Structure formats: C-alpha cells, structure tokens
Amino acid sequence: MENNVEKEEGAAFLKSLLNRHLRIYTTDGRLFIGQFRCTDTHSNVVLSLTYEYRQPSQQKLIEAAAAAAGSEKGTVAADMTSRYLGLIVVPGEHIAKMEVEEFTSQAKSRSIFERKDIYGGR
C-alpha cells in the first residue's frame, strides 16, 4: 500500500516537471538547459529546445589569466562556450545534478503538496 503511494507521488512530481526548464549538470562538467519532456526507468532524461554549455578549456583559462594580469581588478573572467542542440537524451548514469529553472514570477507555490492541480488541494 505504501509503495503505491510513493509511486503516485513520484508520478505526480514528474508530471509537475513536464515542459519546465531544467538545468542538468553532467559528470564530465557540461551543463544542459532545456524543457523536460520525459524520463524512463533507467533515469535517462529527454529535453527539448536544449542548449549545451561547456567550461572553458585550460588554454582559454591561461589566456584569460594572462589578459587579467595587466588589469587592476585581479579577477579572471572566462565565458562558457554554448551551442544549440534541440531534442536530446541525457543518459541517467551521467547526470550529476538536476535543477528546475524557475523565476520569482513563476514560483506561485514552493510546496508541491499545496498544488491543487496535482493533489486536489490536500
């Protein structure tokens, strides 16, 4: 009985994520930002309208550090590289962290249990 409740809560949570923007950090240091479409039993995640962001290479960091050495700020700034990928599958075994991208204007309720569209206003 308790297992059924957990499955229902898990399914409700996944439904609440549909079409929301997720940030997925992978074990190789990449970041994917896209709309959540689905998942499977192997924890693979499908995102649409996805952008991939990569950390700058060691060479670019050295170049940025050399350029910053002449400035008075004392900080090094190096941009991540990005590209548009579209529809992708991120293998579950490579996911290190997932976050829901949410703006203050979108955050109507922090508690999923208060959402009437999912739980009927428990």
# chains A, B, ... in the order shown; residues from 1 in each chain; ligands from 1
>>> residues_around(residues="range 78-84 of chain A", least_positions_apart="6", cutoff="7 Å", atoms="only C-alpha atoms", output="list in words")
Thr50, Tyr51, Glu52, Tyr53, Arg54, Gln55, Pro56, Leu61 and Ala64 of chain A
>>> write_last_selection(atoms="all heavy atoms", output="JSON list (two decimals), in the first residue's frame")
[["chain", "number", "residue", "atom", "x", "y", "z"],
["A", 50, "THR", "N", 17.10, 22.48, -26.30],
["A", 50, "THR", "CA", 18.21, 22.40, -25.36],
["A", 50, "THR", "C", 19.46, 23.13, -25.84],
["A", 50, "THR", "O", 19.82, 23.08, -27.02],
["A", 50, "THR", "CB", 18.57, 20.92, -25.12],
["A", 50, "THR", "OG1", 17.39, 20.23, -24.72],
["A", 50, "THR", "CG2", 19.63, 20.77, -24.05],
["A", 51, "TYR", "N", 20.11, 23.79, -24.90],
["A", 51, "TYR", "CA", 21.41, 24.40, -25.10],
["A", 51, "TYR", "C", 22.42, 23.66, -24.24],
["A", 51, "TYR", "O", 22.13, 23.30, -23.10],
["A", 51, "TYR", "CB", 21.41, 25.88, -24.71],
["A", 51, "TYR", "CG", 20.71, 26.76, -25.73],
["A", 51, "TYR", "CD1", 19.34, 26.96, -25.66],
["A", 51, "TYR", "CD2", 21.43, 27.36, -26.76],
["A", 51, "TYR", "CE1", 18.70, 27.75, -26.60],
["A", 51, "TYR", "CE2", 20.80, 28.15, -27.70],
["A", 51, "TYR", "CZ", 19.43, 28.34, -27.61],
["A", 51, "TYR", "OH", 18.79, 29.12, -28.54],
["A", 52, "GLU", "N", 23.61, 23.48, -24.80],
["A", 52, "GLU", "CA", 24.71, 22.85, -24.07],
["A", 52, "GLU", "C", 25.74, 23.92, -23.75],
["A", 52, "GLU", "O", 26.08, 24.76, -24.59],
["A", 52, "GLU", "CB", 25.37, 21.77, -24.93],
["A", 52, "GLU", "CG", 26.63, 21.19, -24.31],
["A", 52, "GLU", "CD", 27.45, 20.40, -25.30],
["A", 52, "GLU", "OE1", 27.58, 20.82, -26.48],
["A", 52, "GLU", "OE2", 27.99, 19.36, -24.89],
["A", 53, "TYR", "N", 26.24, 23.92, -22.51],
["A", 53, "TYR", "CA", 27.28, 24.85, -22.08],
["A", 53, "TYR", "C", 28.47, 24.05, -21.59],
["A", 53, "TYR", "O", 28.31, 23.10, -20.84],
["A", 53, "TYR", "CB", 26.76, 25.75, -20.95],
["A", 53, "TYR", "CG", 25.62, 26.63, -21.40],
["A", 53, "TYR", "CD1", 24.31, 26.20, -21.31],
["A", 53, "TYR", "CD2", 25.87, 27.89, -21.94],
["A", 53, "TYR", "CE1", 23.27, 27.00, -21.73],
["A", 53, "TYR", "CE2", 24.82, 28.70, -22.36],
["A", 53, "TYR", "CZ", 23.53, 28.25, -22.26],
["A", 53, "TYR", "OH", 22.50, 29.04, -22.68],
["A", 54, "ARG", "N", 29.67, 24.45, -22.04],
["A", 54, "ARG", "CA", 30.90, 23.77, -21.64],
["A", 54, "ARG", "C", 31.82, 24.75, -20.92],
["A", 54, "ARG", "O", 31.87, 25.93, -21.26],
["A", 54, "ARG", "CB", 31.65, 23.25, -22.87],
["A", 54, "ARG", "CG", 30.96, 22.11, -23.56],
["A", 54, "ARG", "CD", 31.77, 21.72, -24.80],
["A", 54, "ARG", "NE", 31.20, 20.58, -25.45],
["A", 54, "ARG", "CZ", 31.69, 19.36, -25.34],
["A", 54, "ARG", "NH1", 32.77, 19.12, -24.65],
["A", 54, "ARG", "NH2", 31.10, 18.35, -25.95],
["A", 55, "GLN", "N", 32.56, 24.22, -19.96],
["A", 55, "GLN", "CA", 33.56, 25.02, -19.25],
["A", 55, "GLN", "C", 34.65, 25.39, -20.24],
["A", 55, "GLN", "O", 34.94, 24.64, -21.18],
["A", 55, "GLN", "CB", 34.16, 24.21, -18.09],
["A", 55, "GLN", "CG", 33.19, 23.84, -17.01],
["A", 55, "GLN", "CD", 32.72, 25.05, -16.22],
["A", 55, "GLN", "OE1", 33.40, 26.06, -16.15],
["A", 55, "GLN", "NE2", 31.54, 24.95, -15.66],
["A", 56, "PRO", "N", 35.27, 26.55, -20.06],
["A", 56, "PRO", "CA", 36.37, 26.92, -20.97],
["A", 56, "PRO", "C", 37.54, 25.94, -20.85],
["A", 56, "PRO", "O", 37.78, 25.38, -19.78],
["A", 56, "PRO", "CB", 36.78, 28.32, -20.50],
["A", 56, "PRO", "CG", 36.07, 28.56, -19.22],
["A", 56, "PRO", "CD", 35.00, 27.55, -19.06],
["A", 61, "LEU", "N", 41.59, 29.43, -20.25],
["A", 61, "LEU", "CA", 41.76, 29.95, -18.89],
["A", 61, "LEU", "C", 43.13, 30.61, -18.72],
["A", 61, "LEU", "O", 43.26, 31.66, -18.08],
["A", 61, "LEU", "CB", 41.58, 28.83, -17.87],
["A", 61, "LEU", "CG", 40.16, 28.31, -17.67],
["A", 61, "LEU", "CD1", 40.16, 27.10, -16.75],
["A", 61, "LEU", "CD2", 39.27, 29.40, -17.14],
["A", 64, "ALA", "N", 42.96, 33.95, -20.49],
["A", 64, "ALA", "CA", 42.18, 34.91, -19.70],
["A", 64, "ALA", "C", 42.97, 35.39, -18.49],
["A", 64, "ALA", "O", 42.92, 36.57, -18.13],
["A", 64, "ALA", "CB", 40.86, 34.28, -19.27]]
>>> select_by_dssp(residues="chain A", states="strand (DSSP E or B)", output="PyMOL selection string")
chain A and resi 21-26+31-39+45-54+81-90+95-100
>>> closest_residue(among="A:Gly34, A:Thr27, A:Ala66, A:Thr39", to="Ala11 in chain A", atoms="only C-alpha atoms")
A:Thr39
>>> closest_residue(among="A:Ala77, A:Ser48, A:Asn3, A:Cys38", to="Ile62 in chain A", atoms="only C-alpha atoms")
A:Ala77
>>> atom_distance(atom1="CA of Lys97 in chain A", atom2="CA of Ala65 in chain A")
28.7 Å
>>> atom_distance(atom1="CA of Glu2 in chain A", atom2="CA of Arg20 in chain A")
28.4 Å
>>> select_by_dssp(residues="range 18-89 of chain A", states="alpha helix (DSSP H)", output="MDAnalysis selection string")
chainID A and resid 58:69
>>> atom_distance(atom1="CA of Glu8 in chain A", atom2="CA of Ile88 in chain A")
26.7 Å
>>> residues_around(residues="Met98 in chain A", least_positions_apart="5", cutoff="12 Å", atoms="only C-alpha atoms", output="PyMOL selection string")
chain A and resi 17+21-27+31-34+36+43+45+90+92
